[in-house]
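Colleague: The following block contains the structure, expressed as structure tokens.
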Amino acid sequence: MIMLTLLWTDIMVWILIFALIAWGWVISRSPQVKKQWHTIFKSSIAMASATVLLFYLFFTLLDSVHLRLAKTSPGQNTEQQYSEMLSLLDIIFSHNIKNTERTYSAPFATHEYVKSIVIDENGLTTQKHLPLKYVSKDDDLLSKSIVALAVGFVLSLFLILIHLFWRKGRGAFVAMKKVLKGEADLPWRTAYLTLTFLVMTFTWLYILSYSYHVLGTDKVGGDVLYHSLKSIRTGVLIGILTTLIMLPVAVILGVSAGLFGGWVDDVIQYLYTTLSSIPGVLLIAAGVLVMQVTMDNNPTWFETTLERSDLRLLFLIVILGVTSWTGLARLLRAETLKISQIEFVTAAKAFGVGKWTIIRRHIIPNLMHIILISVVLDFSGLVLAEAVLSYVGVGVDPTMHSWGNMINQARLEMAREPMVWWSLFSAFIFMFILVLAANLFSDRIQKVLDPRNDT
Amino acid sequence: MSPLLSVKDLSLRVGEESLLSSVNFEIHESEIFALVGESGSGKSLTSLAIMRLLPDAISVSSGDIRFKNRSLFALPESQMQKVRGRSIAMIFQEPMSALNPVMRVGEQVAEAIRVHLDIKKEEIKDKVISLFEEVALKEPEERYNWYPHQLSGGQKQRVMIAIALACEPDLLIADEPTTALDVTIQAQVLTLLKKIREKRKLSILFITHDMAIVGQMADRVAVMRNGEIVEQAACETFFTHPKHPYTQMLLRDAIFQKEKEEMSKASEPLLVVKNLKVYFPIKKGLFQRTVGYVKAVDGVTLSIGKGKTLALVGESGSGKSTIGQAILSLVDITEGRVIFEDQNLAHLAQRALKPYRQKIQVVFQDPFSALNPRMTIGNIILEGMVSLGIGPKEKTLQDSYIKEILLKVELEAEHMHRYPHEFSGGQRQRIGIARALAVKPELIICDEPTSALDVSVRSQVLHLLQKLQRESGVSYLFITHDLSIVPMIADEVAVMKEGKIVEQGLVEDVMGNPQHSYTQQLLEAAPKLPNLGLTPEDVYNTKE
């Protein structure tokens with residue numbers, strides 16, 4: 001028996017995904033917006049970074065479906081017993097959760113990183129590197145790598161073919177030729193190359209993770225690859241869900257301040273000047289501490305630690321959202337002031353069109369580019385903010401997998417002799433690729449959507 | 001005598017696209033040479049090419065420009081810098097953006113002198129003041145220390161001229177120097193330029209789109225179209241015997257004539273404005289107390305007859321647009337009444353106002369900001385119909401209604417699925433008219449609907465407005481600063497100054513025999529076309 005249990009953040013992620021799909025359907029009906037997105041993806045950098053972002057999103061979604069498996073223990077209880085909550089990603093990497101070593105080991109190592117004291121049969125104590133428990137004993141790294149890469153290549157080829165058939169149906173092979181020559185309307189070749197590269201790298205890491213700890217193990221012997229992959233969800237979630245919370249607040253307050261003026265404007269301006277004059281970290285630290293105390297006092301609220309850390313993540317997202325709407329609101333207020341003076345708004349007023357219709361039909365569509373640009377720009381900022389906050393200690397729950405927590409732990413590891421570098425390295429690489437892809441993509445969006453760049 | 005400046009076979013292009021193709025002209029000493037054309041015809045590009053200030057993307061594909069028998073294209077950049085300012089100076093259309101806002105105007109003139117001339121420090125200030133005197137700035141010594149924002153538009157343009165004259169150039173390039181100015185100021189600036197020409201024996205390359213200014217200023221004229229000079233002639237022969245059909249059309253459009261229709265002279269009033277006052281409060285201090293009022297409209301009374309056109313004329317800031325907004329109830333009326341069909345619209349609630357929103361509509365000045373760039377033309381026209389409940393409710397009928405309206409304003413039916421950015425200024429203005437027309441109004445307030453348009457497009461739009469009036473008997477309140485179009489479109493005219501109407505009456509009376517000194521001054525200042533070879537009859541016979 002399998003029971004699907006969703007955490008609060010899971011629900012929000014899936015709502016967001018469906019909202020995105022709905023939005024995509026809406027814009028696909030407007031030829032103007034469709035053309036803009038087409039222009040965005042005409043750049044091969046945008047295409048490649050979008051592929052990378054989708055890859056990250058895929059892992060987030062894998063990690064956002066939580067299941068409880070029925071225990072097959074021979075209990076006589078009539079009530080069904082369930083195991084801990086596991087996400088799909090946990091199930092895929094179950095061998096890594098199970099195969100916990102004793103302590104640190106370097107990537108692809110066969111022995112532990114530190115020497116342990118061993119007493120042999122003769123009663124002599126020696127210091128030596130103990131062999132790792134869950135590493136393959138034969139020297140087959142090369143042959144396994146070749147197999148893994150071949151599997152990855154076939155898999156990506158399969159994915160590309162599915163995509164081509166989905167887009168073109170019977171004309172898929174003609175389209176394939178065009179793509180290979182780089183003659184397609186969008187740089188699909190770049191996208192497919194990026195996808196092949198990502199899928200091959202990942203299958204290589206995955207298949208080898210059965211016989212090695214490809215990115216090493218941490219202090220308590222946990223697999224670093226698994227940690228890094230689990231951290232994707234935390235980072236991406238903070239990046240997109242915060243925007244989801246911040247956006248309606250910023251849009252509603254910014255637009256009403258700009259359009260209605262008078263006391264409404266005064267109140268909203270007062271609110272955001274006050275809020276933005278308090279240091280953000282202070283506000284977040286205060287909020288997190290209050291929540292920490294509340295949670296400690298009410299341990300019965302949570303069935304599992306997972307639920308507890310999930311709620312803490314959600315709370316962090318809310319706090320980040322509440323503190324970060326001011327910048328966008330200020331931008332939107334100024335732009336609304338400008339737009340509401342333009343004559344097409346006056347024309348609508350002369351037709352007796354209501355205020356809300358004016359906002360919906362004339363103002364919001366002309367603000368969309370600002371909103372979109374600031375959302376993609378904020379995303380990478382928020383991913384980095386999570387790392388900083390967790391490092392300072394006011395971020396996500398210490399038991400949660402996150403790049404910030406990994407970096408925080410690495411602080412001591414870097415001071416060891418010899419240095420333990422792979423935790424920090426993995427967190428850095430994973431975060432770096434995500435933030436770089438997001439920044440490159442947002443650059444492109446800004447270039448296309450910002451009317452000031454029209455020349 | 002060799003010419004001061006000669007442009008030979010000048011061709012410019014960007015990428016594959018040709019911008020100018022073999023432009024030839026010469027400017028002699030102390031001559032005013034006018035370059036006329038509509039926007040995009042390449043007249044400003046020509047002037048930039050002379051200054052060698054073309055944007056990087058544009059390349060010179062052939063031709064040469066010789067100044068005092070030296071090729072400007074052959075000069076090294078350091079030499080060219082001496083030519084700029086020293087020998088050829090330039091004044092621009094927008095005096096607001098051509099002056100540095102954080103520098104005293106005297107200093108800005110002094111800077112130009114310091115760069116180009118070797119004059120002692122103490123003498124520079126005297127030189128600036130004498131320049132200010134020459135461009136007829138009052139109290140030149142005091143003005144030296146003023147900042148640009150303290151000066152009016154006309155004064156700024158005078159400072160710009162002073163900067164241009166500072167180094168005693170031989171050629172002055174004036175790129176639409178009066179387009180941003182009011183008529184009376186424009187007349188003053190033009191007289192000033194002429195006077196300076198006499199005094200200094202200066203040559204002027206005068207770039208403009210206004211035929212009347214050409215007639216007043218130029219010795220010789222060249223007409224540009226699509227990067228080519230289509231006709232070049234001395235001023236008198238140009239106006240009496242225009243050769244090229246395009247020139248003939250331009251001149252015809254410039255003297256746009258009212259198509260005489262015999263309507264009953266007296267018609268009952270549709271809209272009466274009585275003693276209208278619109279004051280805007282000036283708020284200051286911590287609690288936004290009202291400390292005073294700006295009297296935008298101060299006691300205006302006027303009436304518009306059914307099927308008639310009232311022209312409201314005045315310079316910028318005279319409050320003419322505010323009257324339009326007050327009639328539309330888009331600004332709060334401080335005092336007075338706006339009576340439309342026996343109903344006072346002032347202080348009416350939004351809900352009660354809605355039926356009248358349908359009857360009074362508006363067409364705006366700037367065709368580029370009047371249409372929402374994110375909506376299709378069909379939706380733009382539909383918005384008012386839906387909001388006011390006009391026209392059919394069913395989708396297919398609505399579509400055919402919109403198509404009908406588009407055809408009425410001489411656009412095409414399939415334009416309804418396009419977006420505003422795909423249209424030119426004149427077409428957009430037609431869309432604006434179609435949007436107003438769709439709700440079947442009885443009065444349309446036209447707020448400078450043609451001031452952003454080229455001459456030929458302007459005349460098309462005015463013809464369209466007249467055609468619509470004949471067909472549907474709609475009335476217009478035509479707000480304009482351009483006196484030249486008033487006799488052709490309006491039945492009555494009201495002249496505004498500082499929020500008050502100084503004179504009003506039938507067009508023939510006011511324009512033919514102005515009573516008030518301000519009206520006389522305005523008519524005096526308005527540039528007039530010289531007598532044309534074409535008679536109004538010719539105009540009719542060749543039209544259409």
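We name chains A, B, ... following the order of the structure tokens; residues begin at 1 in each chain, and ligands are numbered from 1 as shown.
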With a distance cut-off of 12 Å and only C-alpha atoms, select the neighbouring residues of Leu372 of chain A, excluding the residue or stretch itself and same-chain residues fewer than 6 positions from it, and output the selection as a list in words.
Modeller: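 Here the answer would be Trp37, Thr243, Leu244, Leu247, Val251, Leu328, Leu332, Ile364, Pro365, Asn366, Asp378, Phe379, Phe441, Ser442, Asp443, Arg444, Ile445, Gln446, Lys447, Val448, Leu449 and Asp450 of chain A.
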Colleague: Any chance you can output those residues with N, CA and C atoms as an mmCIF file, in the first residue's frame?
Modeller:
data_model
loop_
_atom_site.group_PDB
_atom_site.id
_atom_site.type_symbol
_atom_site.label_atom_id
_atom_site.label_comp_id
_atom_site.auth_asym_id
_atom_site.auth_seq_id
_atom_site.Cartn_x
_atom_site.Cartn_y
_atom_site.Cartn_z
ATOM 1 N N TRP A 37 7.827 35.891 -26.469
ATOM 2 C CA TRP A 37 8.508 34.724 -25.906
ATOM 3 C C TRP A 37 9.328 34.020 -26.965
ATOM 4 N N THR A 243 8.393 34.576 -4.382
ATOM 5 C CA THR A 243 7.846 35.474 -5.397
ATOM 6 C C THR A 243 6.331 35.377 -5.421
ATOM 7 N N LEU A 244 5.841 34.149 -5.284
ATOM 8 C CA LEU A 244 4.394 33.933 -5.328
ATOM 9 C C LEU A 244 3.697 34.696 -4.210
ATOM 10 N N LEU A 247 4.414 38.735 -4.861
ATOM 11 C CA LEU A 247 3.860 39.351 -6.063
ATOM 12 C C LEU A 247 2.485 40.000 -5.874
ATOM 13 N N VAL A 251 1.916 43.976 -6.302
ATOM 14 C CA VAL A 251 1.095 44.475 -7.416
ATOM 15 C C VAL A 251 -0.102 45.257 -6.888
ATOM 16 N N LEU A 328 9.627 46.173 -5.504
ATOM 17 C CA LEU A 328 8.763 46.040 -6.671
ATOM 18 C C LEU A 328 7.567 46.984 -6.572
ATOM 19 N N LEU A 332 6.374 49.700 -9.273
ATOM 20 C CA LEU A 332 5.056 49.626 -9.904
ATOM 21 C C LEU A 332 4.258 50.894 -9.643
ATOM 22 N N ILE A 364 -2.347 46.767 -15.717
ATOM 23 C CA ILE A 364 -1.576 45.543 -15.469
ATOM 24 C C ILE A 364 -0.862 45.042 -16.732
ATOM 25 N N PRO A 365 -1.535 44.959 -17.888
ATOM 26 C CA PRO A 365 -0.799 44.466 -19.066
ATOM 27 C C PRO A 365 0.415 45.320 -19.400
ATOM 28 N N ASN A 366 0.340 46.614 -19.128
ATOM 29 C CA ASN A 366 1.482 47.467 -19.420
ATOM 30 C C ASN A 366 2.535 47.429 -18.320
ATOM 31 N N ASP A 378 14.784 38.513 -9.122
ATOM 32 C CA ASP A 378 14.717 38.202 -7.693
ATOM 33 C C ASP A 378 15.043 36.748 -7.413
ATOM 34 N N PHE A 379 14.699 35.867 -8.358
ATOM 35 C CA PHE A 379 14.847 34.437 -8.117
ATOM 36 C C PHE A 379 16.260 34.081 -7.660
ATOM 37 N N PHE A 441 19.172 33.816 -18.069
ATOM 38 C CA PHE A 441 17.814 33.823 -18.591
ATOM 39 C C PHE A 441 17.140 35.168 -18.325
ATOM 40 N N SER A 442 17.346 35.707 -17.116
ATOM 41 C CA SER A 442 16.694 36.980 -16.797
ATOM 42 C C SER A 442 17.289 38.122 -17.612
ATOM 43 N N ASP A 443 18.586 38.032 -17.916
ATOM 44 C CA ASP A 443 19.191 39.037 -18.790
ATOM 45 C C ASP A 443 18.469 39.100 -20.121
ATOM 46 N N ARG A 444 18.230 37.896 -20.648
ATOM 47 C CA ARG A 444 17.597 37.813 -21.953
ATOM 48 C C ARG A 444 16.160 38.367 -21.882
ATOM 49 N N ILE A 445 15.438 37.991 -20.823
ATOM 50 C CA ILE A 445 14.060 38.474 -20.665
ATOM 51 C C ILE A 445 14.059 39.985 -20.584
ATOM 52 N N GLN A 446 14.990 40.512 -19.811
ATOM 53 C CA GLN A 446 15.045 41.961 -19.654
ATOM 54 C C GLN A 446 15.326 42.637 -20.982
ATOM 55 N N LYS A 447 16.221 42.027 -21.744
ATOM 56 C CA LYS A 447 16.600 42.631 -23.015
ATOM 57 C C LYS A 447 15.413 42.685 -23.966
ATOM 58 N N VAL A 448 14.613 41.624 -23.959
ATOM 59 C CA VAL A 448 13.504 41.571 -24.913
ATOM 60 C C VAL A 448 12.299 42.384 -24.427
ATOM 61 N N LEU A 449 11.992 42.281 -23.132
ATOM 62 C CA LEU A 449 10.736 42.861 -22.656
ATOM 63 C C LEU A 449 10.835 44.327 -22.287
ATOM 64 N N ASP A 450 12.006 44.792 -21.893
ATOM 65 C CA ASP A 450 12.099 46.179 -21.469
ATOM 66 C C ASP A 450 11.975 47.100 -22.684
#
Colleague: What are the residues of chain B lining chain A at 7 Å or less? Count only C-alpha atoms, and put the answer as an mmCIF file with C-alpha atoms, in the first residue's frame.
Modeller:
data_model
loop_
_atom_site.group_PDB
_atom_site.id
_atom_site.type_symbol
_atom_site.label_atom_id
_atom_site.label_comp_id
_atom_site.auth_asym_id
_atom_site.auth_seq_id
_atom_site.Cartn_x
_atom_site.Cartn_y
_atom_site.Cartn_z
ATOM 1 C CA LEU B 328 -15.778 65.425 -20.152
ATOM 2 C CA LYS B 354 -22.785 57.494 -17.961
ATOM 3 C CA ARG B 357 -20.292 59.797 -21.650
ATOM 4 C CA GLN B 358 -21.725 58.233 -24.761
ATOM 5 C CA GLN B 361 -16.327 61.808 -26.818
ATOM 6 C CA SER B 369 -0.078 57.373 -26.413
ATOM 7 C CA ALA B 370 -3.811 57.419 -27.108
ATOM 8 C CA LEU B 371 -4.020 53.694 -27.856
ATOM 9 C CA ASN B 372 -3.162 50.928 -25.407
ATOM 10 C CA ARG B 374 -1.342 45.761 -25.593
ATOM 11 C CA GLY B 384 -16.265 51.905 -25.222
ATOM 12 C CA SER B 387 -18.855 49.938 -21.386
ATOM 13 C CA LEU B 388 -21.616 52.183 -22.622
#
Colleague: If we count only C-alpha atoms and set the cut-off at 10 Å, which residues sit around segment 78-88 of chain B, ignoring sequence neighbours fewer than 3 positions away in its own chain? Please answer as a VMD selection string.
Modeller: chain B and resid 50 to 53 67 to 68 72 to 75 112 to 113 115 to 117 163 to 173 203 to 204
Colleague: List the neighbours of Lys308 of chain B out to 9 Å using only C-alpha atoms; skip same-chain residues closer than 3 positions along the sequence, and give me the result as a list in words.
Modeller: Ser267, Ile304, Gly305, Gln469, Gly473, Val474, Ser475, Tyr476, Leu477, Ala490, Asp491 and Glu492 of chain B
Colleague: Could you list, as a PyMOL selection string, every residue within 12 Å of Lys395 of chain B, counting only C-alpha atoms and ignoring same-chain residues fewer than 6 positions away?
Modeller: chain B and resi 378-379+382+386+401-402
Colleague: Can I get the selection written as a PDB file, in the first residue's frame, with C-alpha atoms?
Modeller:
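Below is the file selection.pdb, written as the result:
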ATOM      1  CA  GLY B 378     -10.839  45.709 -32.491  1.00  0.00           C
ATOM      2  CA  ASN B 379     -10.692  45.521 -28.700  1.00  0.00           C
ATOM      3  CA  LEU B 382     -15.014  47.541 -28.580  1.00  0.00           C
ATOM      4  CA  VAL B 386     -19.300  47.476 -24.218  1.00  0.00           C
ATOM      5  CA  TYR B 401     -20.019  46.816 -36.645  1.00  0.00           C
ATOM      6  CA  ILE B 402     -16.348  47.463 -35.900  1.00  0.00           C
TER       7      ILE B 402
END
Colleague: Considering only C-alpha atoms, tabulate each residue of segment 288-341 of chain A that lies at most 9 Å from segment 272-282 of chain A along with its nearest interatomic pair and the corresponding distance in Å to one decimal; arrange the rows by chain and ascending residue number and present them as a tab-separated table.
Modeller:
residue	atom	partner	partner_atom	distance
A:Leu320	CA	A:Gly280	CA	8.5
A:Thr323	CA	A:Gly280	CA	6.6
A:Ser324	CA	A:Gly280	CA	8.3
A:Trp325	CA	A:Tyr272	CA	8.5
A:Thr326	CA	A:Tyr272	CA	5.5
A:Gly327	CA	A:Ser276	CA	8.3
A:Ala329	CA	A:Tyr272	CA	8.2
A:Arg330	CA	A:Tyr272	CA	8.1
Colleague: Give me the residues near segment 180-195 of chain B as a count of residues only, where near means some atom within 8 Å (using only C-alpha atoms) and where sequence neighbours in that chain fewer than 4 positions away do not count.
Modeller: 19
Colleague: Find the spatial neighbours of Asp9 of chain B, counting only C-alpha atoms, within a cut-off of 7 Å - ignore same-chain residues fewer than 4 positions away - and output them as number ranges by chain.
Modeller: B: 22-24, 62-64
Colleague: Within segment 75-188 of chain A, find each residue whose DSSP state, derived from the backbone, is strand (DSSP E or B), and express the selection as a VMD selection string.
Modeller: chain A and resid 82 to 87 105 111 to 119 125 to 131
Colleague: How would you write, as a ChimeraX atom specification, the set of residues in segment 180-288 of chain B that DSSP gives as alpha helix (DSSP H)?
Modeller: /B:183-200,211-217,235-240,245-254
Colleague: Rounded to one decimal, what separation in Å do you get between atom CA of Pro140 of chain B and atom CA of Ala162 of chain B?
Modeller: 11.5 Å
